[in-house]
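Q: Below is input_5.cif; it holds mmCIF, C-alpha atoms and all ligand atoms.
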data_run
loop_
_atom_site.group_PDB
_atom_site.id
_atom_site.type_symbol
_atom_site.label_atom_id
_atom_site.label_comp_id
_atom_site.auth_asym_id
_atom_site.auth_seq_id
_atom_site.Cartn_x
_atom_site.Cartn_y
_atom_site.Cartn_z
ATOM 1 C CA MET A 13 4.210 28.047 -6.131
ATOM 2 C CA ASN A 14 5.490 26.914 -2.734
ATOM 3 C CA LEU A 15 2.803 24.479 -1.641
ATOM 4 C CA THR A 16 4.624 23.543 1.554
ATOM 5 C CA ASP A 17 4.298 27.088 2.878
ATOM 6 C CA ILE A 18 1.574 27.156 5.525
ATOM 7 C CA ARG A 19 0.524 30.729 4.625
ATOM 8 C CA THR A 20 0.135 29.723 0.945
ATOM 9 C CA ILE A 21 -1.876 26.615 1.888
ATOM 10 C CA LYS A 22 -4.214 28.684 4.070
ATOM 11 C CA ASP A 23 -4.615 31.369 1.372
ATOM 12 C CA ILE A 24 -5.462 28.767 -1.274
ATOM 13 C CA MET A 25 -7.971 27.125 1.021
ATOM 14 C CA SER A 26 -9.599 30.413 1.839
ATOM 15 C CA ILE A 27 -9.790 31.550 -1.817
ATOM 16 C CA TYR A 28 -11.411 28.235 -2.807
ATOM 17 C CA ASN A 29 -13.492 28.165 0.363
ATOM 18 C CA ILE A 30 -12.415 24.654 1.353
ATOM 19 C CA HIS A 31 -11.493 23.034 4.666
ATOM 20 C CA PHE A 32 -9.352 20.100 5.713
ATOM 21 C CA ARG A 33 -11.675 17.127 5.434
ATOM 22 C CA LYS A 34 -11.094 14.648 8.214
ATOM 23 C CA GLU A 35 -13.248 12.001 6.547
ATOM 24 C CA PHE A 36 -10.725 11.919 3.682
ATOM 25 C CA GLY A 37 -7.694 11.847 5.993
ATOM 26 C CA GLN A 38 -6.432 15.223 4.802
ATOM 27 C CA ASN A 39 -3.075 16.043 6.405
ATOM 28 C CA PHE A 40 -0.958 17.974 3.935
ATOM 29 C CA LEU A 41 2.836 17.906 3.872
ATOM 30 C CA THR A 42 4.627 21.127 4.785
ATOM 31 C CA ASN A 43 8.272 20.083 4.512
ATOM 32 C CA ILE A 44 9.777 20.401 1.039
ATOM 33 C CA SER A 45 12.711 18.075 1.665
ATOM 34 C CA VAL A 46 10.335 15.291 2.715
ATOM 35 C CA VAL A 47 8.285 15.897 -0.438
ATOM 36 C CA GLU A 48 11.416 15.829 -2.611
ATOM 37 C CA ASP A 49 12.724 12.659 -0.980
ATOM 38 C CA ILE A 50 9.422 10.867 -1.556
ATOM 39 C CA ALA A 51 9.267 12.025 -5.185
ATOM 40 C CA ASP A 52 12.882 10.926 -5.776
ATOM 41 C CA SER A 53 12.172 7.420 -4.521
ATOM 42 C CA CYS A 54 9.204 6.674 -6.793
ATOM 43 C CA SER A 55 11.055 5.214 -9.743
ATOM 44 C CA ASP A 56 14.494 4.411 -11.122
ATOM 45 C CA THR A 57 13.683 6.106 -14.409
ATOM 46 C CA PRO A 58 12.337 9.511 -15.515
ATOM 47 C CA GLU A 59 10.480 7.597 -18.247
ATOM 48 C CA ALA A 60 8.091 6.140 -15.667
ATOM 49 C CA THR A 61 4.460 6.999 -15.068
ATOM 50 C CA VAL A 62 3.482 7.628 -11.454
ATOM 51 C CA LEU A 63 -0.009 6.994 -10.184
ATOM 52 C CA GLU A 64 -0.469 9.382 -7.286
ATOM 53 C CA ILE A 65 -3.268 8.566 -4.876
ATOM 54 C CA GLY A 66 -4.692 11.606 -3.100
ATOM 55 C CA PRO A 67 -2.777 14.636 -4.452
ATOM 56 C CA GLY A 68 -4.456 17.011 -1.976
ATOM 57 C CA ILE A 69 -3.479 20.506 -3.142
ATOM 58 C CA GLY A 70 -0.729 19.059 -5.341
ATOM 59 C CA VAL A 71 2.447 19.407 -3.296
ATOM 60 C CA LEU A 72 3.832 15.987 -4.265
ATOM 61 C CA THR A 73 2.207 16.061 -7.704
ATOM 62 C CA GLN A 74 4.273 19.132 -8.605
ATOM 63 C CA GLU A 75 7.538 17.448 -7.676
ATOM 64 C CA LEU A 76 6.578 14.244 -9.480
ATOM 65 C CA ALA A 77 5.714 16.223 -12.621
ATOM 66 C CA PHE A 78 9.264 17.578 -12.857
ATOM 67 C CA ARG A 79 10.819 14.146 -12.423
ATOM 68 C CA TYR A 80 8.738 11.698 -14.432
ATOM 69 C CA ARG A 81 7.237 11.343 -17.904
ATOM 70 C CA LYS A 82 3.638 11.218 -16.703
ATOM 71 C CA VAL A 83 1.677 11.631 -13.461
ATOM 72 C CA ILE A 84 -1.882 10.407 -13.011
ATOM 73 C CA ALA A 85 -3.303 11.905 -9.825
ATOM 74 C CA VAL A 86 -6.524 10.410 -8.456
ATOM 75 C CA GLU A 87 -8.318 12.604 -5.902
ATOM 76 C CA ILE A 88 -11.624 11.777 -4.206
ATOM 77 C CA ASP A 89 -12.464 15.287 -2.952
ATOM 78 C CA ASN A 90 -14.205 17.270 -5.704
ATOM 79 C CA GLY A 91 -13.490 20.532 -3.822
ATOM 80 C CA LEU A 92 -9.782 19.996 -4.587
ATOM 81 C CA ILE A 93 -10.151 19.560 -8.347
ATOM 82 C CA PRO A 94 -10.282 23.315 -9.206
ATOM 83 C CA VAL A 95 -7.482 23.907 -6.684
ATOM 84 C CA LEU A 96 -5.275 21.366 -8.469
ATOM 85 C CA ARG A 97 -5.998 23.019 -11.821
ATOM 86 C CA TYR A 98 -4.621 26.233 -10.305
ATOM 87 C CA THR A 99 -1.671 24.854 -8.328
ATOM 88 C CA LEU A 100 -0.406 22.602 -11.121
ATOM 89 C CA GLN A 101 -0.548 25.209 -13.882
ATOM 90 C CA ASP A 102 3.246 25.626 -13.977
ATOM 91 C CA CYS A 103 3.960 21.920 -14.387
ATOM 92 C CA PRO A 104 5.383 20.760 -17.727
ATOM 93 C CA GLU A 105 2.564 20.662 -20.249
ATOM 94 C CA GLY A 106 0.616 17.436 -20.637
ATOM 95 C CA VAL A 107 2.434 15.633 -17.839
ATOM 96 C CA VAL A 108 -0.251 15.655 -15.119
ATOM 97 C CA ASP A 109 -3.718 14.149 -15.509
ATOM 98 C CA VAL A 110 -5.991 14.842 -12.544
ATOM 99 C CA VAL A 111 -8.756 12.285 -12.153
ATOM 100 C CA HIS A 112 -11.642 12.952 -9.799
ATOM 101 C CA ALA A 113 -12.407 9.485 -8.391
ATOM 102 C CA ASP A 114 -12.272 7.195 -5.403
ATOM 103 C CA VAL A 115 -9.192 5.055 -6.046
ATOM 104 C CA MET A 116 -11.031 2.076 -4.527
ATOM 105 C CA LYS A 117 -13.702 2.305 -7.204
ATOM 106 C CA VAL A 118 -11.721 3.237 -10.265
ATOM 107 C CA ASP A 119 -10.774 0.591 -12.837
ATOM 108 C CA LEU A 120 -6.999 0.889 -12.437
ATOM 109 C CA ARG A 121 -6.230 -1.576 -15.221
ATOM 110 C CA GLU A 122 -8.201 0.541 -17.676
ATOM 111 C CA LEU A 123 -6.947 3.882 -16.329
ATOM 112 C CA LEU A 124 -3.309 2.776 -16.504
ATOM 113 C CA ARG A 125 -3.418 0.787 -19.745
ATOM 114 C CA PRO A 126 -1.621 3.475 -21.854
ATOM 115 C CA ALA A 127 0.897 3.989 -19.048
ATOM 116 C CA PHE A 128 1.809 0.291 -18.900
ATOM 117 C CA GLU A 129 2.055 0.237 -22.694
ATOM 118 C CA ALA A 130 4.505 3.154 -22.488
ATOM 119 C CA GLY A 131 6.801 1.669 -19.824
ATOM 120 C CA LYS A 132 7.203 1.397 -16.070
ATOM 121 C CA VAL A 133 4.436 2.448 -13.685
ATOM 122 C CA SER A 134 4.872 3.190 -9.976
ATOM 123 C CA VAL A 135 2.496 4.287 -7.247
ATOM 124 C CA CYS A 136 3.067 7.151 -4.852
ATOM 125 C CA ALA A 137 0.819 8.171 -1.976
ATOM 126 C CA ASN A 138 0.697 9.945 1.322
ATOM 127 C CA LEU A 139 -2.134 7.677 2.345
ATOM 128 C CA PRO A 140 -5.018 8.547 4.609
ATOM 129 C CA TYR A 141 -4.587 6.373 7.725
ATOM 130 C CA TYR A 142 -8.129 5.048 7.774
ATOM 131 C CA ILE A 143 -7.805 3.368 4.392
ATOM 132 C CA THR A 144 -4.132 2.361 4.170
ATOM 133 C CA THR A 145 -4.592 -1.406 4.259
ATOM 134 C CA PRO A 146 -7.563 -1.615 1.847
ATOM 135 C CA ILE A 147 -5.778 0.609 -0.703
ATOM 136 C CA LEU A 148 -2.533 -1.336 -0.405
ATOM 137 C CA MET A 149 -4.333 -4.678 -0.735
ATOM 138 C CA ALA A 150 -6.317 -3.418 -3.739
ATOM 139 C CA LEU A 151 -3.079 -2.334 -5.444
ATOM 140 C CA LEU A 152 -1.375 -5.674 -4.770
ATOM 141 C CA GLU A 153 -4.375 -7.828 -5.635
ATOM 142 C CA SER A 154 -4.947 -5.915 -8.887
ATOM 143 C CA GLY A 155 -2.070 -8.001 -10.276
ATOM 144 C CA LEU A 156 -0.806 -4.922 -12.127
ATOM 145 C CA PRO A 157 2.971 -5.060 -12.610
ATOM 146 C CA PHE A 158 3.907 -1.884 -10.725
ATOM 147 C CA GLU A 159 7.613 -1.150 -10.395
ATOM 148 C CA TYR A 160 7.405 0.355 -6.887
ATOM 149 C CA ILE A 161 4.688 1.356 -4.474
ATOM 150 C CA THR A 162 6.000 4.220 -2.322
ATOM 151 C CA ILE A 163 3.637 5.096 0.499
ATOM 152 C CA MET A 164 3.726 7.268 3.564
ATOM 153 C CA ILE A 165 1.833 5.526 6.335
ATOM 154 C CA GLN A 166 1.470 5.442 10.102
ATOM 155 C CA SER A 167 4.816 4.252 11.558
ATOM 156 C CA GLU A 168 3.127 1.433 13.423
ATOM 157 C CA VAL A 169 1.697 0.051 10.170
ATOM 158 C CA ALA A 170 5.104 0.446 8.523
ATOM 159 C CA ASP A 171 6.627 -1.699 11.291
ATOM 160 C CA ARG A 172 4.008 -4.343 10.584
ATOM 161 C CA LEU A 173 4.592 -4.319 6.810
ATOM 162 C CA CYS A 174 8.339 -4.694 7.207
ATOM 163 C CA ALA A 175 8.372 -7.188 10.109
ATOM 164 C CA ASN A 176 10.155 -10.531 10.106
ATOM 165 C CA ALA A 177 8.439 -13.839 10.833
ATOM 166 C CA GLY A 178 8.385 -14.543 14.555
ATOM 167 C CA SER A 179 8.331 -10.896 15.681
ATOM 168 C CA LYS A 180 5.344 -9.408 17.469
ATOM 169 C CA GLU A 181 4.665 -6.992 14.573
ATOM 170 C CA TYR A 182 4.436 -9.856 12.055
ATOM 171 C CA GLY A 183 0.877 -10.404 10.879
ATOM 172 C CA ALA A 184 -1.286 -11.569 7.986
ATOM 173 C CA ILE A 185 -0.610 -8.385 6.013
ATOM 174 C CA THR A 186 3.159 -8.908 6.370
ATOM 175 C CA ALA A 187 2.953 -12.446 5.011
ATOM 176 C CA VAL A 188 0.638 -11.441 2.157
ATOM 177 C CA LEU A 189 2.890 -8.512 1.268
ATOM 178 C CA LYS A 190 5.928 -10.817 1.124
ATOM 179 C CA TYR A 191 4.083 -12.825 -1.479
ATOM 180 C CA TYR A 192 3.886 -9.787 -3.755
ATOM 181 C CA GLY A 193 7.119 -7.948 -3.060
ATOM 182 C CA GLU A 194 9.788 -6.674 -0.705
ATOM 183 C CA ALA A 195 9.014 -3.746 1.612
ATOM 184 C CA GLN A 196 11.666 -1.377 2.880
ATOM 185 C CA LYS A 197 11.341 1.503 5.354
ATOM 186 C CA LEU A 198 12.942 4.591 3.804
ATOM 187 C CA PHE A 199 12.573 7.281 6.489
ATOM 188 C CA LYS A 200 10.403 8.584 9.325
ATOM 189 C CA VAL A 201 8.365 11.769 9.120
ATOM 190 C CA SER A 202 7.232 13.271 12.425
ATOM 191 C CA ALA A 203 3.715 14.623 12.880
ATOM 192 C CA GLY A 204 4.976 18.234 12.866
ATOM 193 C CA ASN A 205 5.597 18.035 9.102
ATOM 194 C CA PHE A 206 1.883 18.158 8.259
ATOM 195 C CA ILE A 207 -0.997 20.551 8.468
ATOM 196 C CA PRO A 208 -3.101 19.740 10.397
ATOM 197 C CA ALA A 209 -0.646 17.625 12.438
ATOM 198 C CA PRO A 210 -1.849 14.028 12.765
ATOM 199 C CA LYS A 211 -1.761 12.268 16.140
ATOM 200 C CA VAL A 212 0.919 9.803 15.050
ATOM 201 C CA ASP A 213 4.257 9.822 13.261
ATOM 202 C CA SER A 214 4.594 8.465 9.744
ATOM 203 C CA THR A 215 7.113 6.376 7.848
ATOM 204 C CA VAL A 216 7.748 6.212 4.129
ATOM 205 C CA VAL A 217 7.800 2.615 2.928
ATOM 206 C CA ARG A 218 8.771 1.487 -0.529
ATOM 207 C CA ILE A 219 7.586 -1.841 -1.864
ATOM 208 C CA LYS A 220 9.467 -3.337 -4.787
ATOM 209 C CA LEU A 221 7.129 -5.732 -6.496
ATOM 210 C CA HIS A 222 8.488 -9.120 -7.526
ATOM 211 C CA LYS A 223 8.810 -9.405 -11.295
ATOM 212 C CA GLU A 224 8.658 -13.158 -10.822
ATOM 213 C CA LYS A 225 7.122 -14.333 -7.568
ATOM 214 C CA PRO A 226 9.682 -16.504 -5.738
ATOM 215 C CA TYR A 227 6.967 -18.727 -4.238
ATOM 216 C CA VAL A 228 3.957 -19.598 -6.366
ATOM 217 C CA PRO A 229 1.097 -21.504 -4.737
ATOM 218 C CA LYS A 230 -1.080 -24.067 -6.511
ATOM 219 C CA ASP A 231 -4.092 -21.971 -5.552
ATOM 220 C CA GLU A 232 -3.950 -18.329 -4.408
ATOM 221 C CA GLU A 233 -7.271 -18.457 -2.608
ATOM 222 C CA THR A 234 -6.110 -21.356 -0.426
ATOM 223 C CA LEU A 235 -2.886 -19.473 0.323
ATOM 224 C CA PHE A 236 -4.729 -16.351 1.499
ATOM 225 C CA ARG A 237 -7.209 -18.465 3.454
ATOM 226 C CA THR A 238 -4.339 -20.293 5.174
ATOM 227 C CA ILE A 239 -2.626 -17.024 6.126
ATOM 228 C CA ARG A 240 -5.882 -15.488 7.349
ATOM 229 C CA ALA A 241 -6.727 -18.547 9.440
ATOM 230 C CA ALA A 242 -3.235 -18.689 10.976
ATOM 231 C CA PHE A 243 -3.421 -15.086 12.205
ATOM 232 C CA GLU A 244 -7.099 -14.845 13.043
ATOM 233 C CA GLN A 245 -6.496 -16.949 16.134
ATOM 234 C CA ARG A 246 -2.990 -15.707 16.831
ATOM 235 C CA ARG A 247 -2.715 -17.164 20.317
ATOM 236 C CA LYS A 248 -3.742 -20.627 19.220
ATOM 237 C CA THR A 249 -1.378 -23.281 17.958
ATOM 238 C CA LEU A 250 -1.389 -23.722 14.197
ATOM 239 C CA PRO A 251 -3.502 -26.941 14.141
ATOM 240 C CA ASN A 252 -6.190 -25.201 16.233
ATOM 241 C CA ALA A 253 -6.074 -21.997 14.198
ATOM 242 C CA LEU A 254 -6.234 -23.843 10.883
ATOM 243 C CA SER A 255 -9.020 -26.144 11.975
ATOM 244 C CA ALA A 256 -11.104 -23.050 12.808
ATOM 245 C CA GLY A 257 -10.406 -21.700 9.305
ATOM 246 C CA PHE A 258 -10.775 -25.012 7.422
ATOM 247 C CA SER A 259 -13.687 -26.694 9.191
ATOM 248 C CA GLU A 260 -14.120 -29.037 6.193
ATOM 249 C CA ILE A 261 -10.786 -30.776 6.983
ATOM 250 C CA PRO A 262 -10.438 -32.910 10.164
ATOM 251 C CA LYS A 263 -8.016 -31.462 12.715
ATOM 252 C CA ASP A 264 -5.916 -34.644 12.772
ATOM 253 C CA THR A 265 -5.379 -34.322 9.040
ATOM 254 C CA LEU A 266 -4.339 -30.684 9.408
ATOM 255 C CA THR A 267 -1.921 -31.626 12.197
ATOM 256 C CA ALA A 268 -0.416 -34.335 9.974
ATOM 257 C CA ILE A 269 -0.026 -31.836 7.113
ATOM 258 C CA ILE A 270 1.707 -29.336 9.414
ATOM 259 C CA GLU A 271 4.134 -32.048 10.556
ATOM 260 C CA GLU A 272 4.735 -33.216 6.980
ATOM 261 C CA CYS A 273 5.717 -29.625 6.190
ATOM 262 C CA GLY A 274 8.443 -29.911 8.824
ATOM 263 C CA HIS A 275 6.825 -28.062 11.733
ATOM 264 C CA ARG A 276 6.094 -29.111 15.303
ATOM 265 C CA PRO A 277 2.371 -29.369 16.024
ATOM 266 C CA ASP A 278 2.583 -26.733 18.773
ATOM 267 C CA ILE A 279 3.977 -24.090 16.411
ATOM 268 C CA ARG A 280 2.092 -20.782 16.023
ATOM 269 C CA GLY A 281 1.339 -19.223 12.647
ATOM 270 C CA GLU A 282 3.449 -16.146 13.346
ATOM 271 C CA ARG A 283 6.630 -18.243 12.997
ATOM 272 C CA LEU A 284 5.910 -19.142 9.366
ATOM 273 C CA ASP A 285 7.355 -17.108 6.521
ATOM 274 C CA ILE A 286 5.786 -16.872 3.072
ATOM 275 C CA ARG A 287 7.651 -19.926 1.774
ATOM 276 C CA ASP A 288 6.266 -22.001 4.675
ATOM 277 C CA PHE A 289 2.758 -20.684 4.029
ATOM 278 C CA VAL A 290 2.906 -21.557 0.328
ATOM 279 C CA ALA A 291 4.095 -25.112 1.103
ATOM 280 C CA LEU A 292 1.379 -25.539 3.726
ATOM 281 C CA ALA A 293 -1.348 -24.099 1.488
ATOM 282 C CA ASP A 294 -0.307 -26.444 -1.351
ATOM 283 C CA ARG A 295 -0.726 -29.486 0.921
ATOM 284 C CA ILE A 296 -4.090 -28.213 2.166
ATOM 285 C CA PHE A 297 -5.164 -27.625 -1.427
ATOM 286 C CA ASP A 298 -4.169 -31.220 -2.363
ATOM 287 C CA GLU A 299 -6.196 -32.471 0.588
ATOM 288 C CA LYS A 300 -9.251 -30.482 -0.497
ATOM 289 C CA GLN A 301 -8.942 -31.831 -4.029
ATOM 290 C CA GLY A 302 -8.966 -35.369 -2.572
HETATM 291 N N1 LIG B 401 -0.599 14.248 -1.211
HETATM 292 C C1 LIG B 401 -0.985 15.323 -0.336
HETATM 293 C C2 LIG B 401 0.147 15.623 0.620
HETATM 294 O O1 LIG B 401 1.039 14.756 0.743
HETATM 295 O O2 LIG B 401 0.164 16.681 1.230
HETATM 296 C C3 LIG B 401 -2.270 14.990 0.440
HETATM 297 C C4 LIG B 401 -2.208 13.769 1.334
HETATM 298 S S1 LIG B 401 -3.602 13.541 2.380
HETATM 299 C C5 LIG B 401 -2.884 12.586 3.696
HETATM 300 C C6 LIG B 401 -4.567 12.273 1.590
HETATM 301 C C7 LIG B 401 -5.260 12.684 0.290
HETATM 302 O O3 LIG B 401 -5.950 11.533 -0.222
HETATM 303 C C8 LIG B 401 -6.319 13.750 0.449
HETATM 304 O O4 LIG B 401 -6.196 14.696 -0.575
HETATM 305 C C9 LIG B 401 -7.649 12.992 0.324
HETATM 306 O O5 LIG B 401 -8.715 13.799 -0.136
HETATM 307 C C10 LIG B 401 -7.255 11.887 -0.645
HETATM 308 N N2 LIG B 401 -8.076 10.651 -0.574
HETATM 309 C C11 LIG B 401 -8.610 10.088 0.530
HETATM 310 N N3 LIG B 401 -9.260 8.948 0.214
HETATM 311 C C12 LIG B 401 -9.122 8.783 -1.140
HETATM 312 C C13 LIG B 401 -9.592 7.812 -2.063
HETATM 313 N N4 LIG B 401 -10.306 6.781 -1.668
HETATM 314 N N5 LIG B 401 -9.294 7.982 -3.380
HETATM 315 C C14 LIG B 401 -8.547 9.033 -3.789
HETATM 316 N N6 LIG B 401 -8.083 10.006 -2.956
HETATM 317 C C15 LIG B 401 -8.359 9.873 -1.644
#
In structure tokens, write the structure found in this file.

A:
Amino acid sequence: MNLTDIRTIKDIMSIYNIHFRKEFGQNFLTNISVVEDIADSCSDTPEATVLEIGPGIGVLTQELAFRYRKVIAVEIDNGLIPVLRYTLQDCPEGVVDVVHADVMKVDLRELLRPAFEAGKVSVCANLPYYITTPILMALLESGLPFEYITIMIQSEVADRLCANAGSKEYGAITAVLKYYGEAQKLFKVSAGNFIPAPKVDSTVVRIKLHKEKPYVPKDEETLFRTIRAAFEQRRKTLPNALSAGFSEIPKDTLTAIIEECGHRPDIRGERLDIRDFVALADRIFDEKQG
């Protein structure tokens, strides 16, 4: 079944009496080579399991099913569940499991336990724009050892995820992401490749998760708090930004810590890379411990 064909998509939607649901960010892909390229990039091995978030009518799911050992597709919209049963009927038997759930509420560790026991697990998603960051953060913070996370997201967000320290796109999410893995932009997908066409262009980003984190903080919570504080008051110098975020530590002490870490006191947080943040957070943690 050619699920990138606009006529086919419209026929399916009319037969099942469903509509594109804006509240779920439904923009379906209509370009087969884009779909194939995304599916190809999900794992290095056909033995992998792919967790697909938001299969829609199954266009990517189908391609994943012919490439990988197992596909677990989590879809929030119950109207799409019978559609998926129909559109995925020609996939290799037993490969695709469709799960009707909100990926933000599902217990991923439990859902993916057999998959992790069997081998590598990757994530693939053409993500709804409104929930990109929360889903990405939930995946990273789950601590699950995914091989890759391949996501299609708004190009502007992709620029932010892949930015270097010091650039204007660099933000808290960039620094946090660097803690978990390495993000790489694979290719751009213009708005005309979707139905309905979104207002913005998209970019496919692949995150390779660190097997061993290169920089390990003494306390993760202090690290995330340090990063958040540094970017919350972006225009402020680092001592000012940190003293707003760590009101329990005197500003002079924070300034001294920043200098001990080798930075000038008028530096701004956006110049610090993840290694700098871990070193800074460790010193702040020591200070809090007394
Ligand atoms: N994968 C299809 C494609 O590429 O054409 C559909 C992508 S569409 C941009 C996003 C899909 O994610 C929709 O099917 C939507 O219903 C689903 N979705 C939105 N929020 C979700 C959530 N919290 N959990 C699971 N699926 C979700």

Q: Would you mind telling me which residue in A:Tyr192, A:Tyr182, A:Asp23, A:Leu173 lies nearest to A:Ser154 when using all atoms listed in the file?

A: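 Residue with the minimum atom-to-atom distance to A:Ser154: A:Tyr192.
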
Q: Which residues come within 12 Å of A:Asp298, counting only C-alpha atoms, excluding same-chain residues fewer than 3 positions away, as a list of chain:residue names?

A: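 The neighbour list is A:Pro229, A:Lys230, A:Asp231, A:Thr234, A:Ile261, A:Thr265, A:Leu266, A:Ile269, A:Ala291, A:Leu292, A:Ala293, A:Asp294, A:Arg295, A:Gln301, A:Gly302.
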
Q: Selected by the PyMOL selection byres (((not hetatm)) within 7 of (chain B and resi 401)) in the shown coordinates: which residues, as JSON, numbers by chain?

A: {"A": [36, 37, 38, 39, 40, 41, 65, 66, 67, 68, 69, 70, 71, 72, 86, 87, 88, 89, 113, 114, 115, 116, 137, 138, 139, 140]}

Q: Considering all atoms listed in the file, state which residue in the set A:Leu100, A:Leu156, A:Ile147, A:Cys54 is at the smallest distance from A:Glu122.

A: A:Leu156

Q: Can you pull out the residues contacting A:Ala256? Cut-off 10 Å, using all atoms listed in the file, and skip same-chain residues under 3 positions away; I want them as a list in words.

A: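 These residues fall inside the cut-off: Ala241, Ala242, Glu244, Gln245, Leu250, Pro251, Asn252, Ala253, Ser259, Glu260, Ile261 and Lys263 of chain A.
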
Q: I need the residue set behind the PyMOL selection byres (((chain A and resi 187-189) around 8) and not hetatm) for this file; please write it as a list in words.

A: Leu152, Leu173, Tyr182, Gly183, Ala184, Ile185, Thr186, Lys190, Tyr191, Tyr192, Gly193, Glu194, Ala195, Phe236, Ile239, Asp285 and Ile286 of chain A

Q: Would you output that residue set with C-alpha atoms, as a compact mmCIF listing (two decimals), keeping the file's coordinate frame?

A:
# COMPACT_ATOMS: atom_id res chain seq x y z
CA LEU A 152 -1.38 -5.67 -4.77
CA LEU A 173 4.59 -4.32 6.81
CA TYR A 182 4.44 -9.86 12.06
CA GLY A 183 0.88 -10.40 10.88
CA ALA A 184 -1.29 -11.57 7.99
CA ILE A 185 -0.61 -8.38 6.01
CA THR A 186 3.16 -8.91 6.37
CA LYS A 190 5.93 -10.82 1.12
CA TYR A 191 4.08 -12.82 -1.48
CA TYR A 192 3.89 -9.79 -3.76
CA GLY A 193 7.12 -7.95 -3.06
CA GLU A 194 9.79 -6.67 -0.70
CA ALA A 195 9.01 -3.75 1.61
CA PHE A 236 -4.73 -16.35 1.50
CA ILE A 239 -2.63 -17.02 6.13
CA ASP A 285 7.36 -17.11 6.52
CA ILE A 286 5.79 -16.87 3.07

Q: From the list A:Asn205, A:Ser167, A:Asn90, A:Thr99, which residue is nearest A:Val47 when using all atoms listed in the file?

A: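 Among the listed residues, the smallest separation from A:Val47 belongs to A:Asn205.
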
Q: Could you tell me which residues the PyMOL selection byres (((chain A and resi 43) around 12) and not hetatm) grabs in this file, written as an NGL selection string?

A: :A and (14-18 or 40-42 or 44-50 or 71-72 or 201-207)

Q: What is the distance between atom CA of A:Ser255 and atom CA of A:Gly274, in Å to one decimal?

A: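 Atom CA of A:Gly274 lies at a distance of 18.1 Å from atom CA of A:Ser255.
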
Q: What's around stretch 198-200 of chain A at 8 Å? Count all atoms listed in the file, leave out sequence neighbours fewer than 2 positions away in its own chain, and write the answer as an mmCIF file with C-alpha atoms, keeping the file's coordinate frame.

A:
data_model
loop_
_atom_site.group_PDB
_atom_site.id
_atom_site.type_symbol
_atom_site.label_atom_id
_atom_site.label_comp_id
_atom_site.auth_asym_id
_atom_site.auth_seq_id
_atom_site.Cartn_x
_atom_site.Cartn_y
_atom_site.Cartn_z
ATOM 1 C CA SER A 167 4.816 4.252 11.558
ATOM 2 C CA GLN A 196 11.666 -1.377 2.880
ATOM 3 C CA SER A 202 7.232 13.271 12.425
ATOM 4 C CA ASP A 213 4.257 9.822 13.261
ATOM 5 C CA SER A 214 4.594 8.465 9.744
ATOM 6 C CA THR A 215 7.113 6.376 7.848
ATOM 7 C CA VAL A 216 7.748 6.212 4.129
ATOM 8 C CA VAL A 217 7.800 2.615 2.928
ATOM 9 C CA ARG A 218 8.771 1.487 -0.529
#

Q: Measure the distance from atom CA of A:Arg283 to atom CA of A:Cys174 in Å and round it to one decimal.

A: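 Here the two named atoms are 14.8 Å from each other.
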
Q: Would you mind reading off the distance between atom CA of A:Val228 and atom CA of A:Val290, one decimal, in Å?

A: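 So the two atoms, atom CA of A:Val228 and atom CA of A:Val290, lie 7.1 Å apart.
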
Q: Point out the residue among A:Pro262, A:Glu299, A:Val135, A:Arg247 with the least atom-to-atom distance to A:Ile219, counting all atoms listed in the file.

A: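 That would be A:Val135, the residue with the smallest distance to A:Ile219.
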
Q: I'd like to know which of A:Glu105, A:Glu272, A:Glu59, A:Glu75 is closest to A:Ala130, using only C-alpha atoms.

A: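 Ranked by minimum distance to A:Ala130, first place goes to A:Glu59.
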
Q: Find the residue from A:Leu221, A:Val118, A:Leu123, A:Cys103 that sits nearest to A:Ile161; use only C-alpha atoms when measuring.

A: A:Leu221

Q: Report as JSON the centre and the edge lengths, in Å to one decimal, of the axis-aligned box holding every listed atom of stretch 287-291 of chain A, padded by 5 Å on each side.

A:
{"center_x": 5.2, "center_y": -22.5, "center_z": 2.5, "size_x": 14.9, "size_y": 15.2, "size_z": 14.3}
